[in-house]
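Visitor: As input, take model.tsv (TSV, C-alpha atoms):
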chain	number	residue	atom	x	y	z
O	81	MET	CA	96.34	71.04	97.34
O	82	PRO	CA	93.35	68.73	96.79
O	83	ARG	CA	92.06	67.63	93.40
O	84	HIS	CA	89.08	69.49	91.93
O	85	ASP	CA	86.00	67.41	91.21
O	86	PRO	CA	83.63	69.37	88.96
O	87	SER	CA	80.79	66.95	89.67
O	88	GLY	CA	80.12	68.82	92.90
O	89	ALA	CA	79.82	72.22	91.25
O	90	GLY	CA	76.21	72.16	90.06
O	91	PRO	CA	73.36	74.16	91.57
O	92	GLY	CA	71.91	73.25	94.95
O	93	PRO	CA	73.79	71.27	97.62
O	94	ARG	CA	77.22	70.34	96.40
O	95	GLN	CA	79.70	67.69	97.34
O	96	ALA	CA	82.94	68.85	98.89
O	97	ALA	CA	85.32	69.84	96.12
O	98	ARG	CA	88.53	67.90	95.75
O	99	TRP	CA	91.21	70.19	94.39
O	100	TYR	CA	93.87	69.38	91.88
O	101	THR	CA	97.16	68.04	93.20
O	102	HIS	CA	99.83	69.66	91.04
O	103	GLY	CA	103.16	68.17	90.18
O	104	TRP	CA	105.09	70.26	92.68
O	105	ASN	CA	103.25	68.92	95.69
O	106	ARG	CA	105.14	65.65	96.12
O	107	ARG	CA	106.87	64.29	99.19
O	108	LEU	CA	110.20	64.06	97.36
O	109	SER	CA	110.00	67.75	96.36
O	110	TRP	CA	109.42	68.84	99.95
O	111	ARG	CA	112.15	66.59	101.34
O	112	LEU	CA	114.67	67.94	98.87
O	113	ILE	CA	113.71	71.52	99.69
O	114	HIS	CA	114.10	71.03	103.44
O	115	ALA	CA	117.31	69.05	103.07
O	116	ILE	CA	119.06	71.41	100.64
O	117	VAL	CA	117.74	74.97	100.90
O	118	PRO	CA	118.67	75.71	104.55
O	119	LYS	CA	122.30	74.94	103.63
O	120	VAL	CA	122.33	77.35	100.67
O	121	PRO	CA	123.31	81.01	101.29
O	122	ARG	CA	120.37	83.32	100.60
O	123	LEU	CA	122.24	85.15	97.85
O	124	LEU	CA	122.49	81.91	95.87
O	125	ARG	CA	118.82	80.98	96.17
O	126	PRO	CA	117.40	83.15	93.33
O	127	PRO	CA	119.27	81.30	90.56
O	128	ILE	CA	118.21	77.97	92.10
O	129	HIS	CA	114.59	79.18	92.11
O	130	LEU	CA	114.95	80.18	88.47
O	131	ALA	CA	116.44	76.87	87.36
O	132	THR	CA	113.91	74.70	89.19
O	133	THR	CA	111.06	76.89	87.98
O	134	ALA	CA	112.18	76.51	84.36
O	135	ILE	CA	112.31	72.72	84.72
O	136	CYS	CA	108.87	72.48	86.31
O	137	PHE	CA	107.34	75.00	83.91
O	138	LEU	CA	108.45	72.89	80.95
O	139	ALA	CA	107.58	69.55	82.57
O	140	MET	CA	104.01	70.44	83.63
O	141	PRO	CA	102.01	71.38	80.53
O	142	ASP	CA	98.57	70.95	82.12
O	143	GLU	CA	99.40	73.17	85.08
O	144	ARG	CA	101.12	75.68	82.79
O	145	ARG	CA	98.06	75.88	80.54
O	146	ALA	CA	95.64	76.26	83.44
O	147	ALA	CA	97.75	78.98	85.06
O	148	ARG	CA	97.94	80.88	81.77
O	149	HIS	CA	94.17	80.69	81.21
O	150	ASN	CA	93.48	81.92	84.74
O	151	LEU	CA	95.88	84.81	84.35
O	152	GLU	CA	94.44	85.76	80.96
O	153	ARG	CA	91.02	86.22	82.53
O	154	ALA	CA	92.32	88.00	85.64
O	155	THR	CA	94.68	90.38	83.82
O	156	ARG	CA	93.12	90.61	80.32
O	157	ARG	CA	96.56	89.91	78.89
O	158	SER	CA	97.28	87.15	76.40
O	159	GLY	CA	100.01	85.79	74.16
O	160	LEU	CA	103.57	86.16	75.35
O	161	ALA	CA	102.45	88.40	78.21
O	162	SER	CA	100.24	85.70	79.73
O	163	ARG	CA	102.99	83.11	79.30
O	164	ALA	CA	105.43	85.37	81.13
O	165	LEU	CA	102.87	85.84	83.91
O	166	ALA	CA	102.40	82.08	84.16
O	167	PHE	CA	106.15	81.61	84.51
O	168	GLY	CA	106.12	84.26	87.23
O	169	LEU	CA	103.42	82.34	89.08
O	170	PHE	CA	105.50	79.13	88.96
O	171	TYR	CA	108.53	81.14	90.13
O	172	ASN	CA	106.63	82.64	93.07
O	173	PHE	CA	105.25	79.25	94.03
O	174	SER	CA	108.80	77.93	94.33
O	175	LYS	CA	109.47	80.77	96.78
O	176	PHE	CA	106.30	79.88	98.67
O	177	MET	CA	107.44	76.27	99.08
O	178	VAL	CA	110.90	77.32	100.21
O	179	GLY	CA	109.32	79.75	102.69
O	180	TYR	CA	108.35	76.78	104.88
O	181	THR	CA	112.02	76.26	105.71
O	182	ASP	CA	111.98	79.68	107.41
O	183	LEU	CA	108.61	79.12	109.07
O	184	ILE	CA	109.84	75.96	110.73
O	185	ARG	CA	113.38	77.04	111.61
O	186	LEU	CA	113.70	80.80	112.19
O	187	PRO	CA	113.02	82.45	115.58
O	188	ASP	CA	109.71	84.34	115.91
O	189	GLU	CA	111.41	87.72	116.13
O	190	SER	CA	113.37	87.08	112.94
O	191	LEU	CA	110.18	86.10	111.11
O	192	ARG	CA	108.34	89.22	112.34
O	193	ARG	CA	111.13	91.44	110.98
O	194	ARG	CA	110.51	89.97	107.55
O	195	VAL	CA	106.86	91.07	107.50
O	196	GLU	CA	105.78	94.58	106.53
O	197	GLY	CA	102.40	96.02	107.48
O	198	GLY	CA	102.13	93.93	110.61
O	199	ASP	CA	101.62	96.86	113.00
O	200	GLU	CA	98.78	98.36	110.93
O	201	ALA	CA	97.08	94.98	110.62
O	202	ARG	CA	97.48	94.37	114.36
O	203	ARG	CA	95.78	97.66	115.26
O	204	LEU	CA	92.81	96.93	113.00
O	205	ILE	CA	92.45	93.35	114.22
O	206	GLU	CA	92.63	94.40	117.86
O	207	ALA	CA	89.98	97.09	117.26
O	208	LEU	CA	87.64	94.52	115.72
O	209	LEU	CA	88.26	92.06	118.54
O	210	ARG	CA	87.29	94.70	121.08
O	211	GLU	CA	83.76	94.48	119.71
O	212	GLY	CA	83.53	91.21	121.67
O	213	ARG	CA	82.18	88.98	118.89
O	214	GLY	CA	85.43	87.37	117.78
O	215	LEU	CA	86.84	87.75	114.28
O	216	ILE	CA	86.66	85.74	111.07
O	217	VAL	CA	89.76	86.13	108.90
O	218	LEU	CA	89.28	85.13	105.27
O	219	THR	CA	92.43	84.43	103.32
O	220	LEU	CA	93.20	83.31	99.78
O	221	HIS	CA	95.61	80.87	98.21
O	222	LEU	CA	97.70	83.96	97.52
O	223	GLY	CA	101.18	84.62	98.80
O	224	ASN	CA	102.25	82.88	101.99
O	225	TRP	CA	99.08	82.39	104.05
O	226	GLU	CA	100.99	80.40	106.67
O	227	MET	CA	102.93	83.57	107.53
O	228	GLY	CA	99.57	85.23	108.13
O	229	LEU	CA	98.60	82.48	110.59
O	230	LEU	CA	101.84	83.04	112.48
O	231	HIS	CA	101.03	86.74	112.74
O	232	LEU	CA	97.48	86.05	113.99
O	233	ALA	CA	98.80	83.66	116.63
O	234	SER	CA	101.15	86.37	117.92
O	235	LEU	CA	98.18	88.55	118.93
O	236	GLY	CA	97.56	86.51	122.07
O	237	ARG	CA	94.08	85.26	121.15
O	238	PRO	CA	93.38	81.59	120.39
O	239	VAL	CA	93.28	80.97	116.62
O	240	SER	CA	91.33	78.19	114.91
O	241	VAL	CA	92.09	77.57	111.24
O	242	VAL	CA	89.60	75.66	109.10
O	243	LEU	CA	91.38	73.37	106.66
O	244	ARG	CA	90.47	70.41	104.52
O	245	PRO	CA	92.67	67.45	105.57
O	246	GLU	CA	95.28	66.59	102.94
O	247	ASP	CA	97.55	63.66	102.30
O	248	SER	CA	99.87	65.59	100.00
O	249	GLY	CA	103.63	65.50	100.19
O	250	GLY	CA	103.74	68.92	101.80
O	251	ALA	CA	101.24	68.11	104.56
O	252	PRO	CA	103.84	67.18	107.24
O	253	PHE	CA	105.73	70.44	106.71
O	254	GLU	CA	102.52	72.50	106.66
O	255	GLU	CA	101.43	70.84	109.91
O	256	ALA	CA	104.81	71.55	111.48
O	257	ALA	CA	104.47	75.26	110.61
O	258	ARG	CA	100.99	75.39	112.18
O	259	ARG	CA	102.14	73.59	115.33
O	260	ARG	CA	104.98	76.06	115.64
O	261	ALA	CA	102.48	78.95	115.29
O	262	GLY	CA	100.24	77.38	117.95
O	263	VAL	CA	97.03	77.45	115.91
O	264	ARG	CA	94.27	74.88	116.26
O	265	VAL	CA	93.22	73.07	113.07
O	266	VAL	CA	89.52	72.34	112.58
O	267	PRO	CA	88.78	69.89	109.72
O	268	ALA	CA	86.60	71.51	107.06
O	269	GLY	CA	83.29	70.04	106.00
O	270	GLU	CA	83.54	66.85	108.08
O	271	SER	CA	80.86	67.41	110.73
O	272	ALA	CA	78.11	69.86	111.65
O	273	TRP	CA	79.64	69.86	115.15
O	274	ASN	CA	82.65	71.68	113.74
O	275	GLY	CA	80.39	74.61	112.88
O	276	LEU	CA	79.13	74.72	116.46
O	277	ASP	CA	82.72	74.52	117.70
O	278	LEU	CA	83.66	77.55	115.59
O	279	LEU	CA	80.58	79.49	116.67
O	280	LEU	CA	81.49	78.93	120.33
O	281	ALA	CA	85.08	79.99	119.63
O	282	LEU	CA	83.84	83.29	118.18
O	283	ARG	CA	81.55	83.87	121.13
O	284	ARG	CA	84.60	83.48	123.38
O	285	GLY	CA	86.20	86.33	121.42
O	286	GLU	CA	88.64	84.13	119.48
O	287	ILE	CA	89.85	84.26	115.87
O	288	VAL	CA	88.70	81.86	113.15
O	289	ALA	CA	90.75	81.77	109.92
O	290	ILE	CA	89.38	80.27	106.69
O	291	GLN	CA	90.60	80.26	103.09
O	292	GLY	CA	87.71	81.78	101.20
O	293	ASP	CA	88.56	81.40	97.52
O	294	ARG	CA	87.72	77.67	97.10
O	295	THR	CA	84.66	75.69	98.13
O	296	PHE	CA	85.24	72.89	100.63
O	297	GLY	CA	81.76	71.75	101.61
O	298	PRO	CA	78.07	71.83	100.68
O	299	LEU	CA	77.58	75.55	101.43
O	300	SER	CA	78.49	77.75	98.49
O	301	GLU	CA	77.23	80.70	96.50
O	302	ARG	CA	77.75	81.59	92.86
O	303	ALA	CA	79.52	84.93	92.43
O	304	GLY	CA	80.99	86.84	89.54
O	305	LEU	CA	84.78	86.96	89.46
O	306	PHE	CA	86.62	88.78	86.69
O	307	GLY	CA	83.57	88.58	84.46
O	308	ALA	CA	82.59	84.90	84.90
O	309	ASP	CA	80.85	83.02	87.67
O	310	VAL	CA	82.56	80.77	90.19
O	311	ASP	CA	81.45	78.99	93.36
O	312	LEU	CA	82.74	80.54	96.59
O	313	PRO	CA	82.20	79.08	100.07
O	314	SER	CA	79.25	80.66	101.88
O	315	GLY	CA	79.87	78.85	105.17
O	316	PRO	CA	82.16	81.60	106.57
O	317	PHE	CA	79.48	84.20	105.90
O	318	ALA	CA	76.74	82.09	107.48
O	319	LEU	CA	79.03	81.72	110.51
O	320	ALA	CA	79.54	85.50	110.63
O	321	GLN	CA	75.79	86.01	110.40
O	322	ALA	CA	75.09	83.60	113.26
O	323	SER	CA	77.83	85.00	115.52
O	324	GLY	CA	77.78	88.67	114.61
O	325	ALA	CA	81.55	88.51	114.06
O	326	PRO	CA	83.10	90.87	111.53
O	327	ILE	CA	85.03	89.44	108.58
O	328	LEU	CA	88.47	90.72	107.64
O	329	ALA	CA	90.07	89.68	104.34
O	330	VAL	CA	93.83	89.19	104.61
O	331	CYS	CA	96.55	88.14	102.20
O	332	VAL	CA	100.31	87.98	102.70
O	333	PRO	CA	102.08	88.52	99.37
O	334	ILE	CA	105.72	87.58	99.00
O	335	ARG	CA	108.17	90.44	98.50
O	336	GLY	CA	111.53	89.53	97.04
O	337	HIS	CA	112.75	86.14	98.22
O	338	SER	CA	112.22	86.12	101.97
O	339	ARG	CA	110.07	89.12	102.89
O	340	TYR	CA	106.31	89.52	103.09
O	341	ARG	CA	103.61	92.16	103.44
O	342	ILE	CA	100.29	91.79	105.26
O	343	VAL	CA	97.46	93.34	103.23
O	344	VAL	CA	93.97	93.67	104.71
O	345	ASP	CA	90.57	94.68	103.31
O	346	GLY	CA	87.30	95.17	105.15
O	347	PRO	CA	85.75	94.57	107.54
O	348	LEU	CA	82.69	92.96	106.00
O	349	ARG	CA	79.42	92.74	107.92
O	350	VAL	CA	76.83	90.12	107.00
O	351	GLY	CA	73.21	91.23	106.90
O	352	SER	CA	70.18	89.13	107.73
O	353	GLY	CA	68.75	86.25	105.75
O	354	ALA	CA	69.92	84.54	102.59
O	355	GLU	CA	70.26	87.87	100.80
O	356	GLY	CA	72.68	89.09	103.46
O	357	VAL	CA	74.92	86.08	102.84
O	358	ARG	CA	74.73	86.52	99.06
O	359	ALA	CA	75.64	90.20	99.32
O	360	ALA	CA	78.61	89.44	101.59
O	361	VAL	CA	79.90	86.73	99.26
O	362	ASP	CA	79.68	89.19	96.37
O	363	SER	CA	81.55	91.82	98.38
O	364	PHE	CA	84.26	89.29	99.14
O	365	ALA	CA	84.51	88.44	95.42
O	366	ARG	CA	85.29	92.12	94.79
O	367	ILE	CA	88.05	91.93	97.42
O	368	VAL	CA	89.45	88.82	95.74
O	369	GLU	CA	89.54	90.76	92.46
O	370	ARG	CA	91.45	93.59	94.10
O	371	PHE	CA	93.98	91.27	95.73
O	372	VAL	CA	94.51	89.24	92.56
O	373	THR	CA	94.76	92.37	90.40
O	374	ASP	CA	97.55	93.64	92.64
O	375	TYR	CA	99.34	90.25	92.90
O	376	PRO	CA	98.26	88.13	89.90
O	377	THR	CA	101.35	85.92	89.90
O	378	GLN	CA	100.84	84.93	93.54
O	379	TRP	CA	97.31	83.48	93.30
O	380	PHE	CA	98.40	79.86	93.30
O	381	ASN	CA	95.88	77.92	91.24
O	382	PHE	CA	97.13	75.18	88.96
O	383	TYR	CA	93.68	74.14	87.76
O	384	GLU	CA	91.24	76.17	85.62
O	385	VAL	CA	89.33	78.29	88.12
O	386	TRP	CA	86.59	79.23	85.66
O	387	GLY	CA	86.67	76.10	83.51
O	388	GLU	CA	83.35	74.53	84.46
O	389	ALA	CA	81.42	77.79	84.84
O	390	VAL	CA	82.57	79.01	81.43
O	391	LYS	CA	81.67	75.71	79.78
O	392	ARG	CA	78.15	75.93	81.19
O	393	GLY	CA	77.89	79.50	79.94
O	394	ASP	CA	76.78	80.75	83.35
How does this structure look as structure tokens?
Guide:
Amino acid sequence: MPRHDPSGAGPGPRQAARWYTHGWNRRLSWRLIHAIVPKVPRLLRPPIHLATTAICFLAMPDERRAARHNLERATRRSGLASRALAFGLFYNFSKFMVGYTDLIRLPDESLRRRVEGGDEARRLIEALLREGRGLIVLTLHLGNWEMGLLHLASLGRPVSVVLRPEDSGGAPFEEAARRRAGVRVVPAGESAWNGLDLLLALRRGEIVAIQGDRTFGPLSERAGLFGADVDLPSGPFALAQASGAPILAVCVPIRGHSRYRIVVDGPLRVGSGAEGVRAAVDSFARIVERFVTDYPTQWFNFYEVWGEAVKRGD
């Protein structure tokens, strides 16, 4: 998870944001998880999650404070309630990290049995693909998005996922999960040729997946989110406009300790001109609000999402 650089958040062309690297995302943490968790019976994992969450929650005051502030705005709850929600977010993030042990090791059929809503999502995705313009899937840093990539790859269409390269401790395990899924990674914001590559992929009827709740390049639009403005990437919507591809918003919230549900919203269609992009970004912001309202403790942000916008009074 890259480190956020607010210097790129002003109006006009912006530098690529660098997002905050939280204290969980360390190579030692990931090595310990993959060395220990697969050997632990599933019934014993919840108390381990709870203990490690309590340690990290107490040891990471900056992340704890940022998570609480985000949840206060998203849920309109404060005091002890927001602190309990923040602990729940830390707890769910521990389950997200452990989920990579299943993504790398379990057979495909076993993983599919752990996902609810997959058949309904498949029917909608296949219907959109029959339009012949490809499909843009916008996800969030909510739940286990890697499980969503695995589901997309099972549809039999090539999948390209746009990601900002990371050098975090979890990167090798994330890359292993994507290799296992068979998706192609396109580096975000590195070259204009990547945009052409994605446009051609859509014209071949393929799927392009992008995380749409954080900016990662110079193309962004300001949108209201839970009553305050944030910058959201506009590149996916410009790509949809150029290709004619529909946009489907997808998140994969965690249920219990090793089950998931695919939730979809849309499709979105992007109209012509700059106003068409702005309207689509705003529509996506409303989808983000719905997803986060339903699963507030699974929107994994350990930096202050609205910090800079609120300070500017925008």
Visitor: Just how far from atom CA of O:Phe173 is atom CA of O:Gly315, in Å to one decimal?
Guide: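 Separation of atom CA of O:Gly315 and atom CA of O:Phe173: 27.7 Å.
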Visitor: Write out as a count of residues only which residues come within 8 Å of stretch 213-223 of chain O when counting only C-alpha atoms, dropping same-chain ones fewer than 5 positions away.
Guide: 37
Visitor: Using only C-alpha atoms for the distances, tell me which of O:Lys175, O:His231, O:Arg163, O:Arg125 is nearest to O:Leu191.
Guide: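 Closest to O:Leu191 of all the choices is O:His231.
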Visitor: Using only C-alpha atoms, which of O:Ala256, O:Ala201, O:Ala154, O:Val239 sits nearest O:Pro347?
Guide: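 With only C-alpha atoms as the atom set, the closest residue is O:Ala201.
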Visitor: Under the rule that all atoms listed in the file are counted, which of O:Phe382, O:Gly228, O:Gly168, O:Gly387 is the nearest residue to O:Gly197?
Guide: O:Gly228
Visitor: Please measure the separation of atom CA of O:Ser174 and atom CA of O:Thr132, giving the value in Å to one decimal.
Guide: 7.9 Å
Visitor: Could you jot down the atom CA of O:Arg194 to atom CA of O:Leu232 separation for me, Å, one decimal place?
Guide: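 Separation of atom CA of O:Arg194 and atom CA of O:Leu232: 15.1 Å.
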Visitor: Which is closer to O:Pro267 than all the others in O:Pro141, O:Pro376, O:Pro238, O:Gly297, using only C-alpha atoms?
Guide: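 So, comparing all the options, the nearest one is O:Gly297.
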Visitor: Between O:Trp225, O:Tyr340, O:Tyr383, O:Phe371, which residue has the minimum interatomic distance to O:Arg193, considering only C-alpha atoms?
Guide: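 Ranked by minimum distance to O:Arg193, first place goes to O:Tyr340.
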Visitor: For O:Gly307, which of O:Ala365, O:Leu108, O:Ala146, O:Leu229 is the closest residue, counting only C-alpha atoms?
Guide: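 Selected residue with least distance to O:Gly307: O:Ala365.
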Visitor: Do a neighbour search on O:Arg294 at 8 Å with all atoms listed in the file, toss out local chain neighbours closer than 4 positions, and write the hits as a ChimeraX atom specification.
Guide: /O:311-313
Visitor: Please write the residues from the selection above to a file, keeping C-alpha atoms, as an mmCIF file, in the coordinates of the input.
Guide:
data_model
loop_
_atom_site.group_PDB
_atom_site.id
_atom_site.type_symbol
_atom_site.label_atom_id
_atom_site.label_comp_id
_atom_site.auth_asym_id
_atom_site.auth_seq_id
_atom_site.Cartn_x
_atom_site.Cartn_y
_atom_site.Cartn_z
ATOM 1 C CA ASP O 311 81.450 78.990 93.360
ATOM 2 C CA LEU O 312 82.740 80.540 96.590
ATOM 3 C CA PRO O 313 82.200 79.080 100.070
#
